[in-house]
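Quick look at target20.csv (CSV, C-alpha atoms):
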```
chain,number,residue,atom,x,y,z
A,1,MET,CA,-73.1,-6.8,-37.7
A,2,GLU,CA,-72.6,-3.5,-35.9
A,3,THR,CA,-70.8,-2.1,-38.9
A,4,VAL,CA,-73.8,-3.1,-41.2
A,5,LYS,CA,-76.2,-1.4,-38.8
A,6,ASN,CA,-74.2,1.8,-38.9
A,7,LEU,CA,-74.1,1.8,-42.7
A,8,LEU,CA,-77.9,1.3,-42.8
A,9,LYS,CA,-78.6,3.9,-40.1
A,10,PRO,CA,-79.9,7.1,-41.8
A,11,ARG,CA,-77.5,10.1,-41.7
A,12,PRO,CA,-78.7,12.7,-39.3
A,13,SER,CA,-80.0,16.0,-40.8
A,14,PRO,CA,-78.0,19.2,-40.1
A,15,GLN,CA,-80.6,20.2,-37.5
A,16,GLN,CA,-80.3,16.8,-35.7
A,17,GLN,CA,-76.5,17.0,-35.8
A,18,LEU,CA,-76.6,20.5,-34.4
A,19,ARG,CA,-78.9,19.6,-31.5
A,20,ASP,CA,-76.6,16.7,-30.6
A,21,TRP,CA,-73.5,18.8,-30.7
A,22,GLN,CA,-75.1,21.7,-28.7
A,23,ARG,CA,-76.4,19.3,-26.1
A,24,ARG,CA,-72.9,17.9,-25.6
A,25,LEU,CA,-71.4,21.4,-25.6
A,26,ARG,CA,-73.8,22.4,-22.8
A,27,GLN,CA,-72.9,19.3,-20.8
A,28,GLU,CA,-69.2,20.2,-21.2
A,29,CYS,CA,-69.9,23.7,-20.0
A,30,ARG,CA,-71.7,22.3,-16.9
A,31,ASN,CA,-68.6,20.1,-16.2
A,32,ILE,CA,-66.4,23.2,-16.5
A,33,GLU,CA,-68.7,25.1,-14.1
A,34,ARG,CA,-68.4,22.3,-11.6
A,35,GLN,CA,-64.6,22.3,-11.8
A,36,ILE,CA,-64.5,26.0,-11.3
A,37,ARG,CA,-66.7,25.7,-8.1
A,38,ASP,CA,-64.5,22.9,-6.8
A,39,VAL,CA,-61.3,24.9,-7.3
A,40,GLU,CA,-62.8,28.0,-5.8
A,41,ARG,CA,-64.1,26.1,-2.8
A,42,GLU,CA,-60.6,24.6,-2.2
A,43,GLU,CA,-59.0,28.0,-2.6
A,44,LYS,CA,-60.8,29.3,0.5
A,45,SER,CA,-59.1,26.6,2.5
A,46,VAL,CA,-55.7,27.4,1.0
A,47,GLN,CA,-56.2,31.1,1.7
A,48,LYS,CA,-57.0,30.3,5.4
A,49,ALA,CA,-53.9,28.1,5.6
A,50,ILE,CA,-51.7,30.8,4.1
A,51,ARG,CA,-52.9,33.2,6.8
A,52,GLU,CA,-52.3,30.7,9.5
A,53,ALA,CA,-48.8,30.0,8.2
A,54,ALA,CA,-48.0,33.8,8.1
A,55,LYS,CA,-49.3,34.3,11.6
A,56,ARG,CA,-46.9,31.7,13.0
A,57,ASN,CA,-44.1,33.2,10.8
A,58,ASP,CA,-43.8,30.0,8.7
A,59,MET,CA,-43.1,31.9,5.4
A,60,THR,CA,-41.8,28.8,3.6
A,61,SER,CA,-45.2,27.1,3.9
A,62,ALA,CA,-47.0,30.4,3.2
A,63,LYS,CA,-45.1,30.9,-0.1
A,64,SER,CA,-45.6,27.3,-1.1
A,65,LEU,CA,-49.3,27.5,-0.6
A,66,ALA,CA,-49.5,30.9,-2.3
A,67,LYS,CA,-47.8,29.4,-5.4
A,68,GLU,CA,-50.5,26.7,-5.4
A,69,LEU,CA,-53.1,29.4,-5.1
A,70,VAL,CA,-51.6,31.3,-8.1
A,71,ARG,CA,-51.7,28.1,-10.2
A,72,SER,CA,-55.3,27.4,-9.2
A,73,ARG,CA,-56.4,30.9,-10.2
A,74,ARG,CA,-54.7,30.5,-13.6
A,75,ALA,CA,-56.5,27.2,-14.0
A,76,VAL,CA,-59.9,28.9,-13.2
A,77,ASN,CA,-59.1,31.7,-15.8
A,78,ARG,CA,-58.4,29.0,-18.4
A,79,LEU,CA,-61.7,27.2,-17.5
A,80,HIS,CA,-63.6,30.4,-18.0
A,81,GLU,CA,-62.0,30.9,-21.3
A,82,ASN,CA,-62.7,27.4,-22.4
A,83,LYS,CA,-66.4,27.8,-21.4
A,84,ALA,CA,-66.6,31.0,-23.5
A,85,GLN,CA,-65.1,29.3,-26.5
A,86,LEU,CA,-67.5,26.3,-26.2
A,87,ASN,CA,-70.4,28.7,-26.2
A,88,SER,CA,-69.0,30.5,-29.3
A,89,ILE,CA,-68.8,27.1,-31.1
A,90,SER,CA,-72.4,26.5,-30.3
A,91,MET,CA,-73.4,29.9,-31.6
A,92,HIS,CA,-71.4,29.5,-34.8
A,93,LEU,CA,-72.9,26.0,-35.4
A,94,GLY,CA,-76.3,27.5,-35.2
A,95,GLU,CA,-75.4,30.0,-37.9
A,96,SER,CA,-74.0,27.1,-40.0
A,97,VAL,CA,-77.3,25.2,-39.8
A,98,ALA,CA,-79.3,28.3,-40.8
A,99,ILE,CA,-77.2,28.5,-43.9
A,100,ALA,CA,-77.6,24.7,-44.4
A,101,ARG,CA,-81.4,25.2,-44.7
A,102,THR,CA,-80.7,27.2,-47.8
A,103,VAL,CA,-77.8,25.3,-49.5
A,104,GLY,CA,-78.9,21.8,-48.3
A,105,HIS,CA,-75.7,20.9,-46.4
A,106,LEU,CA,-73.4,22.1,-43.7
A,107,SER,CA,-70.7,24.4,-44.9
A,108,LYS,CA,-67.2,24.8,-43.6
A,109,SER,CA,-66.7,27.4,-40.8
A,110,ALA,CA,-63.3,28.9,-40.4
A,111,GLU,CA,-64.3,30.3,-37.0
A,112,VAL,CA,-65.5,27.0,-35.6
A,113,MET,CA,-62.3,25.4,-36.9
A,114,LYS,CA,-60.2,28.0,-35.1
A,115,LEU,CA,-62.1,27.6,-31.8
A,116,VAL,CA,-61.9,23.8,-31.9
A,117,ASN,CA,-58.2,23.9,-32.7
A,118,ASN,CA,-57.7,26.3,-29.7
A,119,LEU,CA,-59.6,24.0,-27.3
A,120,MET,CA,-57.8,20.9,-28.5
A,121,LYS,CA,-54.7,22.5,-26.9
A,122,ALA,CA,-56.5,23.0,-23.5
A,123,PRO,CA,-55.8,20.0,-21.2
A,124,GLU,CA,-59.2,20.3,-19.5
A,125,VAL,CA,-61.2,19.7,-22.7
A,126,ALA,CA,-58.7,18.3,-25.2
A,127,ALA,CA,-60.1,14.7,-25.3
A,128,THR,CA,-63.7,16.0,-25.8
A,129,MET,CA,-62.7,18.4,-28.6
A,130,MET,CA,-60.7,15.7,-30.3
A,131,GLU,CA,-63.9,13.7,-30.6
A,132,PHE,CA,-65.8,16.8,-31.8
A,133,SER,CA,-63.1,17.5,-34.4
A,134,LYS,CA,-63.5,14.1,-36.0
A,135,GLU,CA,-67.3,14.4,-36.1
A,136,MET,CA,-67.2,17.9,-37.5
A,137,THR,CA,-64.6,17.0,-40.1
A,138,LYS,CA,-66.7,14.1,-41.2
A,139,ALA,CA,-69.8,16.4,-41.4
A,140,GLY,CA,-67.8,18.9,-43.5
A,141,VAL,CA,-68.0,21.8,-40.9
A,142,ILE,CA,-64.2,21.9,-40.5
A,143,GLU,CA,-61.1,20.6,-42.2
A,144,GLU,CA,-58.9,17.9,-40.8
A,145,MET,CA,-56.4,19.4,-38.4
A,146,VAL,CA,-53.0,18.5,-37.0
A,147,THR,CA,-52.8,19.8,-33.5
A,148,ASP,CA,-49.6,21.0,-31.8
A,149,ALA,CA,-48.5,19.3,-28.6
A,150,VAL,CA,-50.4,20.5,-25.5
A,151,ASP,CA,-48.3,23.1,-23.7
A,152,SER,CA,-49.2,23.1,-20.1
A,153,ALA,CA,-46.0,24.7,-18.9
A,154,LEU,CA,-46.3,27.9,-16.8
A,155,ASP,CA,-44.0,30.8,-16.8
A,156,SER,CA,-42.0,30.2,-13.6
A,157,GLU,CA,-40.9,33.8,-13.3
A,158,ASP,CA,-44.5,35.0,-13.5
A,159,ILE,CA,-45.6,32.5,-10.9
A,160,GLU,CA,-42.8,33.6,-8.5
A,161,GLU,CA,-43.8,37.2,-8.9
A,162,GLU,CA,-47.5,36.5,-8.3
A,163,THR,CA,-46.6,34.3,-5.3
A,164,GLU,CA,-44.7,37.2,-3.7
A,165,VAL,CA,-47.7,39.5,-4.4
A,166,GLU,CA,-50.1,37.0,-2.8
A,167,VAL,CA,-47.9,36.6,0.3
A,168,ASP,CA,-47.4,40.4,0.7
A,169,LYS,CA,-51.2,40.8,0.4
A,170,VAL,CA,-51.8,38.4,3.3
A,171,LEU,CA,-49.1,40.0,5.4
A,172,ALA,CA,-50.6,43.5,4.7
A,173,GLU,CA,-54.1,42.2,5.7
A,174,LEU,CA,-52.7,40.7,8.9
A,175,ALA,CA,-50.9,43.9,9.8
A,176,GLY,CA,-54.1,45.9,9.0
A,177,GLU,CA,-56.2,43.7,11.2
A,178,THR,CA,-53.8,44.0,14.1
A,179,ALA,CA,-53.6,47.8,13.6
A,180,SER,CA,-57.4,48.1,13.7
A,181,GLN,CA,-57.3,46.7,17.2
A,182,LEU,CA,-54.9,49.3,18.5
A,183,PRO,CA,-55.8,52.7,20.0
A,184,ASP,CA,-56.2,55.3,17.3
A,185,ALA,CA,-53.1,57.3,18.4
A,186,ALA,CA,-50.9,54.2,18.2
A,187,ARG,CA,-51.9,52.9,14.8
A,188,PRO,CA,-49.5,54.8,12.5
A,189,GLN,CA,-46.5,53.9,14.6
A,190,ARG,CA,-47.4,50.3,15.5
A,191,ALA,CA,-49.3,49.1,12.4
A,192,LYS,CA,-46.5,46.8,11.3
A,193,GLN,CA,-45.1,45.9,14.8
A,194,PRO,CA,-46.9,42.5,15.1
A,195,ILE,CA,-45.2,41.2,11.9
A,196,GLN,CA,-41.8,42.3,13.2
A,197,THR,CA,-42.4,40.7,16.5
A,198,GLN,CA,-43.4,37.4,14.8
A,199,GLU,CA,-40.2,37.5,12.8
A,200,GLN,CA,-38.1,37.9,16.0
A,201,GLU,CA,-39.9,34.9,17.7
A,202,PRO,CA,-40.6,32.3,15.0
A,203,ILE,CA,-42.8,29.4,15.9
A,204,ALA,CA,-41.6,26.0,14.8
A,205,GLU,CA,-44.0,24.1,12.6
A,206,GLY,CA,-45.3,20.8,13.9
A,207,ALA,CA,-45.7,17.5,12.1
A,208,ASP,CA,-49.5,17.9,12.2
A,209,ASP,CA,-49.3,21.3,10.5
A,210,GLU,CA,-47.1,19.9,7.8
A,211,GLU,CA,-49.4,17.0,7.2
A,212,GLU,CA,-52.4,19.3,7.0
A,213,LEU,CA,-50.6,21.6,4.5
A,214,GLU,CA,-49.7,18.5,2.3
A,215,GLN,CA,-53.4,17.5,2.3
A,216,LEU,CA,-54.4,20.9,1.2
A,217,ARG,CA,-51.9,20.9,-1.6
A,218,ALA,CA,-53.1,17.5,-2.7
A,219,ARG,CA,-56.8,18.5,-2.7
A,220,LEU,CA,-56.1,21.6,-4.7
A,221,ALA,CA,-54.0,19.8,-7.3
A,222,ASN,CA,-56.8,17.2,-7.6
A,223,VAL,CA,-59.6,19.6,-8.3
A,224,ARG,CA,-57.4,21.4,-10.9
A,225,SER,CA,-56.8,18.1,-12.8
```
Kindly present the structure from the file in structure tokens form.
Amino acid sequence: METVKNLLKPRPSPQQQLRDWQRRLRQECRNIERQIRDVEREEKSVQKAIREAAKRNDMTSAKSLAKELVRSRRAVNRLHENKAQLNSISMHLGESVAIARTVGHLSKSAEVMKLVNNLMKAPEVAATMMEFSKEMTKAGVIEEMVTDAVDSALDSEDIEEETEVEVDKVLAELAGETASQLPDAARPQRAKQPIQTQEQEPIAEGADDEEELEQLRARLANVRS
């Protein structure tokens, strides 16, 4: 019975189809904005934890958390790119409908096809774009596509390098903060002394600290997924 109803249901006009697609694209953009806010909020907690680990000379935890921070920032960059591409799809669809008013039907758009294909490789929106791809193919906006496997692997060497940069940045900030509290005459000679002292007298990490760090890592991984 449902199939019969679908067959009898009038086919939406290009304008109606566009409005529906644009509405869903805007919703997807809002979902991405929420994910970005969640990740950035969690990043602040991780940055604080990195500083605390560095202060107690627990460089293993500091580097581990810094690596999570690098991954999260990459995820945020990807989300911003995804949002920009979704907005581009909406814009190009608007152009296609303007043309449809003249020719009477939606025409194929190479640009929309390219953007949809790119987004189908993005883990964050792959499922949604697969659905869009089927609908747009049926409507004649794009051709049927065969997508490559989603490649979510990150360059480990790049991550290690960015992790070291992040840890060095935190250590430099800590050294600068300590130096700012010293007398003016002593700053140049003693600016890095606190870090050296901490290295000479490492403080053992307690079970509570380790549990808290694991919770931070789990929360950060959750908001990225």
Would you give the centre and edge lengths, in Å to one decimal, of a box along x, y and z around the listed atoms of stretch 130-136 of chain A, with 5 Å added to each side, as lines of an AutoDock Vina configuration file?
```
center_x = -64.0
center_y = 15.8
center_z = -33.9
size_x = 16.6
size_y = 14.2
size_z = 17.2
```
**Report entry** Which residue of A:Met130, A:Ala110, A:Ala66, A:Val125 approaches A:Cys29 most closely, using all atoms listed in the file
**Finding:** A:Val125
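Using all atoms listed in the file, the shortest contact distance between A:Ser90 and any of A:Glu166, A:Glu52, A:Asp58, A:Glu28 is found at A:Glu28.
Taking atom CA of A:Ala172 and atom CA of A:Asp158 as endpoints, the distance between them is 21.0 Å.
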Requested in this report: Pick out the residues sitting within 9 Å of A:Thr163, and hand them over as a list in words; count all atoms listed in the file, and ignore anything fewer than 2 positions along from it in its own chain.
Outcome: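 Result of the neighbour search: Lys63, Ser64, Leu65, Ala66, Lys67, Glu68, Leu69, Val70, Asp158, Ile159, Glu160, Glu161, Val165, Glu166, Val167 and Asp168 of chain A.
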Requested in this report: List every protein, DNA or RNA residue with an atom no more than 12 Å from (-71.8, 26.2, -25.2) in the file's coordinates, counting all atoms listed in the file, and format the result as number ranges by chain.
Outcome: A: 18-33, 80-94, 115
Report task. Calculate how many Å separate atom CA of A:Asn57 from atom CA of A:Glu42, rounding to one decimal. Result ->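 Here the two named atoms are 22.7 Å from each other.
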Report task. Between atom CA of A:Lys114 and atom CA of A:Glu143, measure the distance and give it in Å to one decimal. Result ->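 Calculated distance between atom CA of A:Lys114 and atom CA of A:Glu143 is 10.3 Å.
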Query raised in the report: Residues at most 7 Å from A:Val141, counting all atoms listed in the file, excluding those fewer than 4 positions away in the same chain, as a list in words?
Result: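 The residues satisfying every condition are Leu106, Ser107, Lys108, Ser109, Met136 and Thr137 of chain A.
Candidate residues A:Ser72, A:Ser96, A:Ser133, A:Asn77 were compared for distance to A:Glu40, and the nearest is A:Ser72, using all atoms listed in the file.
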Report summary line: For A:Leu171, the closest of A:Lys121, A:Arg101, A:Arg56, A:Arg51 counting all atoms listed in the file is A:Arg51
Requested in this report: Dump as a PyMOL selection string all residues having an atom at most 12 Å from (-76.6, 13.3, -42.6), computed in the file's coordinates with only C-alpha atoms.
Outcome: chain A and resi 7+9-18+100+104-106+135-136+138-140
Query raised in the report: Which is closest to A:Pro123 among A:Ile99, A:Arg78, A:Asp38, A:Glu111, if we use only C-alpha atoms?
Result: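 So, comparing all the options, the nearest one is A:Arg78.
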Query raised in the report: From the list A:Glu95, A:Glu162, A:Glu211, A:Glu124, which residue is nearest A:Gln35 when using only C-alpha atoms?
Result: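 Checking each candidate against A:Gln35, we get A:Glu124 as the closest.
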